[in-house]
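Reading through the structure tokens given below for one structure.
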Amino acid sequence: MHDDIAAAAAGFYAALNALFKGELAPMVEVWSHADDVTYMGPDGGFQVGWKRVLADWEKQAAMTLGGRVEPQDMRITKVGDLAVTHNYERGENINTGGGAPASVSIRATNLFRKENGRWKMIGHHADPLPYLSR
């Protein structure tokens, strides 16, 4: 029923997993570059506007955390040109500075807006991860 939103969400998680390898370009592609986007990631930060959100993603790409995270139990709500997904993010990161892989099991909310016929991410909010906390 909401295949277009599921595809946009899948694009974000593919971009996130590429980011864990240090690849930034897929993340740049899935996000809106508008001034009203927000990112509240697992490091506890709160970034507003594409320039600040991009700077945060650049910092994370440089960390090359490795590993993989997948969405589970996704719920999709779509109203007009806005959509939201709620799901768990589960997996692991390998390069967390602790010597051993770290488990990821957090909740996430993703917001999308249709821009020029394409669904773009405009917000991401996730529970904190201790090894990323500021």
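Numbering starts fresh at 1 for the residues of each chain in the structure tokens, the chains themselves are lettered A, B, ... in the order given, and ligands are numbered from 1 as they appear.
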**Message:** So that I can check the surroundings of Gly123 (chain A), please list as a PyMOL selection string every protein, DNA and RNA residue that reaches within 7 Å of it, counting only C-alpha atoms and ignoring chain neighbours fewer than 5 positions away.
**Reply:** chain A and resi 37-39+110-112
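Residue nearest Gly49 (chain A), chosen from A:Ile122, A:Ala61, A:Ala9, A:Leu82 and counting only C-alpha atoms: A:Ile122.
With distances restricted to only C-alpha atoms, A:Thr109 is the closest residue to Ile76 (chain A) from A:Lys21, A:Asp56, A:Thr109, A:Val28.
One distance worth recording is that between CA of Gly99 (chain A) and CA of Gly67 (chain A), which is 13.5 Å.
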**Request:** Step one, run DSSP on the backbone; step two, keep only residues of region 29-95 of chain A assigned to strand (DSSP E or B); then write them as an MDAnalysis selection string.
**Result:** chainID A and resid 31 38:40 47:48 68:79 82:93
**Request:** Would you mind writing down, as a ChimeraX atom specification, each residue of chain A that DSSP on the backbone assigns to alpha helix (DSSP H)?
**Result:** /A:3-19,25-30,50-63
Write out, as an mmCIF file, in the first residue's frame, the residues just selected, with N, CA and C atoms.
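As written to disk, result20.cif reads:
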```cif
data_model
loop_
_atom_site.group_PDB
_atom_site.id
_atom_site.type_symbol
_atom_site.label_atom_id
_atom_site.label_comp_id
_atom_site.auth_asym_id
_atom_site.auth_seq_id
_atom_site.Cartn_x
_atom_site.Cartn_y
_atom_site.Cartn_z
ATOM 1 N N ASP A 3 4.247 1.328 -0.903
ATOM 2 C CA ASP A 3 5.502 0.846 -1.467
ATOM 3 C C ASP A 3 6.495 1.968 -1.731
ATOM 4 N N ASP A 4 6.001 3.148 -2.111
ATOM 5 C CA ASP A 4 6.892 4.262 -2.396
ATOM 6 C C ASP A 4 7.622 4.728 -1.132
ATOM 7 N N ILE A 5 6.943 4.709 -0.002
ATOM 8 C CA ILE A 5 7.575 5.117 1.258
ATOM 9 C C ILE A 5 8.516 4.020 1.738
ATOM 10 N N ALA A 6 8.113 2.775 1.611
ATOM 11 C CA ALA A 6 8.991 1.666 1.979
ATOM 12 C C ALA A 6 10.281 1.721 1.166
ATOM 13 N N ALA A 7 10.171 2.077 -0.105
ATOM 14 C CA ALA A 7 11.359 2.195 -0.961
ATOM 15 C C ALA A 7 12.242 3.356 -0.511
ATOM 16 N N ALA A 8 11.638 4.480 -0.132
ATOM 17 C CA ALA A 8 12.417 5.624 0.363
ATOM 18 C C ALA A 8 13.139 5.250 1.653
ATOM 19 N N ALA A 9 12.446 4.549 2.546
ATOM 20 C CA ALA A 9 13.065 4.113 3.801
ATOM 21 C C ALA A 9 14.203 3.128 3.526
ATOM 22 N N ALA A 10 13.987 2.199 2.596
ATOM 23 C CA ALA A 10 15.043 1.248 2.234
ATOM 24 C C ALA A 10 16.260 1.989 1.688
ATOM 25 N N GLY A 11 16.016 3.059 0.929
ATOM 26 C CA GLY A 11 17.116 3.876 0.416
ATOM 27 C C GLY A 11 17.912 4.519 1.534
ATOM 28 N N PHE A 12 17.202 4.989 2.556
ATOM 29 C CA PHE A 12 17.905 5.583 3.705
ATOM 30 C C PHE A 12 18.773 4.536 4.405
ATOM 31 N N TYR A 13 18.234 3.346 4.640
ATOM 32 C CA TYR A 13 19.022 2.334 5.363
ATOM 33 C C TYR A 13 20.177 1.816 4.522
ATOM 34 N N ALA A 14 20.023 1.755 3.210
ATOM 35 C CA ALA A 14 21.149 1.415 2.341
ATOM 36 C C ALA A 14 22.221 2.502 2.442
ATOM 37 N N ALA A 15 21.787 3.770 2.465
ATOM 38 C CA ALA A 15 22.725 4.882 2.598
ATOM 39 C C ALA A 15 23.422 4.853 3.959
ATOM 40 N N LEU A 16 22.686 4.502 5.006
ATOM 41 C CA LEU A 16 23.275 4.428 6.342
ATOM 42 C C LEU A 16 24.353 3.349 6.385
ATOM 43 N N ASN A 17 24.073 2.198 5.805
ATOM 44 C CA ASN A 17 25.061 1.126 5.796
ATOM 45 C C ASN A 17 26.272 1.481 4.937
ATOM 46 N N ALA A 18 26.074 2.231 3.867
ATOM 47 C CA ALA A 18 27.199 2.719 3.068
ATOM 48 C C ALA A 18 28.021 3.719 3.877
ATOM 49 N N LEU A 19 27.329 4.544 4.671
ATOM 50 C CA LEU A 19 28.013 5.522 5.512
ATOM 51 C C LEU A 19 28.932 4.826 6.515
ATOM 52 N N ALA A 25 28.134 9.784 -0.271
ATOM 53 C CA ALA A 25 27.274 10.162 -1.402
ATOM 54 C C ALA A 25 25.854 9.593 -1.330
ATOM 55 N N PRO A 26 25.648 8.326 -0.975
ATOM 56 C CA PRO A 26 24.263 7.833 -0.910
ATOM 57 C C PRO A 26 23.413 8.584 0.126
ATOM 58 N N MET A 27 24.010 8.992 1.243
ATOM 59 C CA MET A 27 23.253 9.727 2.254
ATOM 60 C C MET A 27 22.872 11.107 1.726
ATOM 61 N N VAL A 28 23.773 11.745 1.018
ATOM 62 C CA VAL A 28 23.489 13.054 0.421
ATOM 63 C C VAL A 28 22.315 12.925 -0.552
ATOM 64 N N GLU A 29 22.250 11.820 -1.271
ATOM 65 C CA GLU A 29 21.203 11.605 -2.269
ATOM 66 C C GLU A 29 19.820 11.429 -1.653
ATOM 67 N N VAL A 30 19.713 10.738 -0.519
ATOM 68 C CA VAL A 30 18.379 10.436 0.034
ATOM 69 C C VAL A 30 17.771 11.595 0.812
ATOM 70 N N TRP A 50 20.000 21.708 6.321
ATOM 71 C CA TRP A 50 20.818 20.769 5.574
ATOM 72 C C TRP A 50 22.309 20.929 5.837
ATOM 73 N N LYS A 51 22.824 22.141 5.938
ATOM 74 C CA LYS A 51 24.272 22.324 6.140
ATOM 75 C C LYS A 51 24.740 21.662 7.425
ATOM 76 N N ARG A 52 23.976 21.827 8.500
ATOM 77 C CA ARG A 52 24.355 21.217 9.781
ATOM 78 C C ARG A 52 24.146 19.704 9.767
ATOM 79 N N VAL A 53 23.066 19.263 9.129
ATOM 80 C CA VAL A 53 22.817 17.823 9.030
ATOM 81 C C VAL A 53 23.940 17.169 8.217
ATOM 82 N N LEU A 54 24.292 17.776 7.103
ATOM 83 C CA LEU A 54 25.366 17.243 6.267
ATOM 84 C C LEU A 54 26.679 17.172 7.048
ATOM 85 N N ALA A 55 27.005 18.203 7.795
ATOM 86 C CA ALA A 55 28.246 18.209 8.585
ATOM 87 C C ALA A 55 28.274 17.039 9.560
ATOM 88 N N ASP A 56 27.125 16.724 10.152
ATOM 89 C CA ASP A 56 27.056 15.593 11.076
ATOM 90 C C ASP A 56 27.283 14.277 10.337
ATOM 91 N N TRP A 57 26.641 14.124 9.176
ATOM 92 C CA TRP A 57 26.841 12.895 8.399
ATOM 93 C C TRP A 57 28.297 12.772 7.934
ATOM 94 N N GLU A 58 28.926 13.891 7.572
ATOM 95 C CA GLU A 58 30.339 13.858 7.168
ATOM 96 C C GLU A 58 31.208 13.343 8.314
ATOM 97 N N LYS A 59 30.936 13.815 9.505
ATOM 98 C CA LYS A 59 31.688 13.384 10.689
ATOM 99 C C LYS A 59 31.503 11.881 10.921
ATOM 100 N N GLN A 60 30.270 11.409 10.767
ATOM 101 C CA GLN A 60 30.014 9.987 10.967
ATOM 102 C C GLN A 60 30.672 9.128 9.889
ATOM 103 N N ALA A 61 30.649 9.593 8.646
ATOM 104 C CA ALA A 61 31.292 8.841 7.569
ATOM 105 C C ALA A 61 32.780 8.671 7.864
ATOM 106 N N ALA A 62 33.405 9.712 8.403
ATOM 107 C CA ALA A 62 34.827 9.663 8.725
ATOM 108 C C ALA A 62 35.136 8.658 9.840
ATOM 109 N N MET A 63 34.142 8.312 10.638
ATOM 110 C CA MET A 63 34.345 7.353 11.733
ATOM 111 C C MET A 63 34.440 5.914 11.222
#
```
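Of the listed residues (A:Val69, A:Trp31, A:Thr64, A:Tyr131), A:Tyr131 comes nearest to Ala102 (chain A); the distances count only C-alpha atoms.
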**Message:** I'd like the contact shell of Thr77 (chain A) - 9 Å cut-off, only C-alpha atoms, skipping same-chain residues fewer than 4 positions apart - returned as a PyMOL selection string.
**Reply:** chain A and resi 2+5+82-86
Any chance you can output those residues with C-alpha atoms as a compact mmCIF listing (two decimals), in the first residue's frame?
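Generated file (result.txt):
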```txt
# COMPACT_ATOMS: atom_id res chain seq x y z
CA HIS A 2 2.86 2.37 0.80
CA ILE A 5 7.58 5.12 1.26
CA LEU A 82 4.41 13.82 3.96
CA ALA A 83 5.18 10.39 5.39
CA VAL A 84 6.60 8.99 8.61
CA THR A 85 8.08 5.62 9.47
CA HIS A 86 8.53 4.21 12.96
```
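We find CA of Arg113 (chain A) and CA of Phe20 (chain A) to be spaced 24.7 Å apart.
Ranking A:Met74, A:Leu24, A:Leu65, A:Ala126 by their shortest atom-to-atom distance to Ala100 (chain A), with only C-alpha atoms included, puts A:Leu65 first.
Across A:Asp81, A:Arg68, A:Met1, A:Gly45, the tightest approach to Trp119 (chain A) is made by A:Asp81 when counting only C-alpha atoms.
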**Request:** Would you mind reading off the distance between CA of Glu70 (chain A) and CA of Asn93 (chain A), one decimal, in Å?
**Result:** 11.6 Å
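If only C-alpha atoms are the atoms counted, then among A:Lys114, A:Gln47, A:Ser133, A:Gly22 the closest residue to Lys78 (chain A) is A:Lys114.
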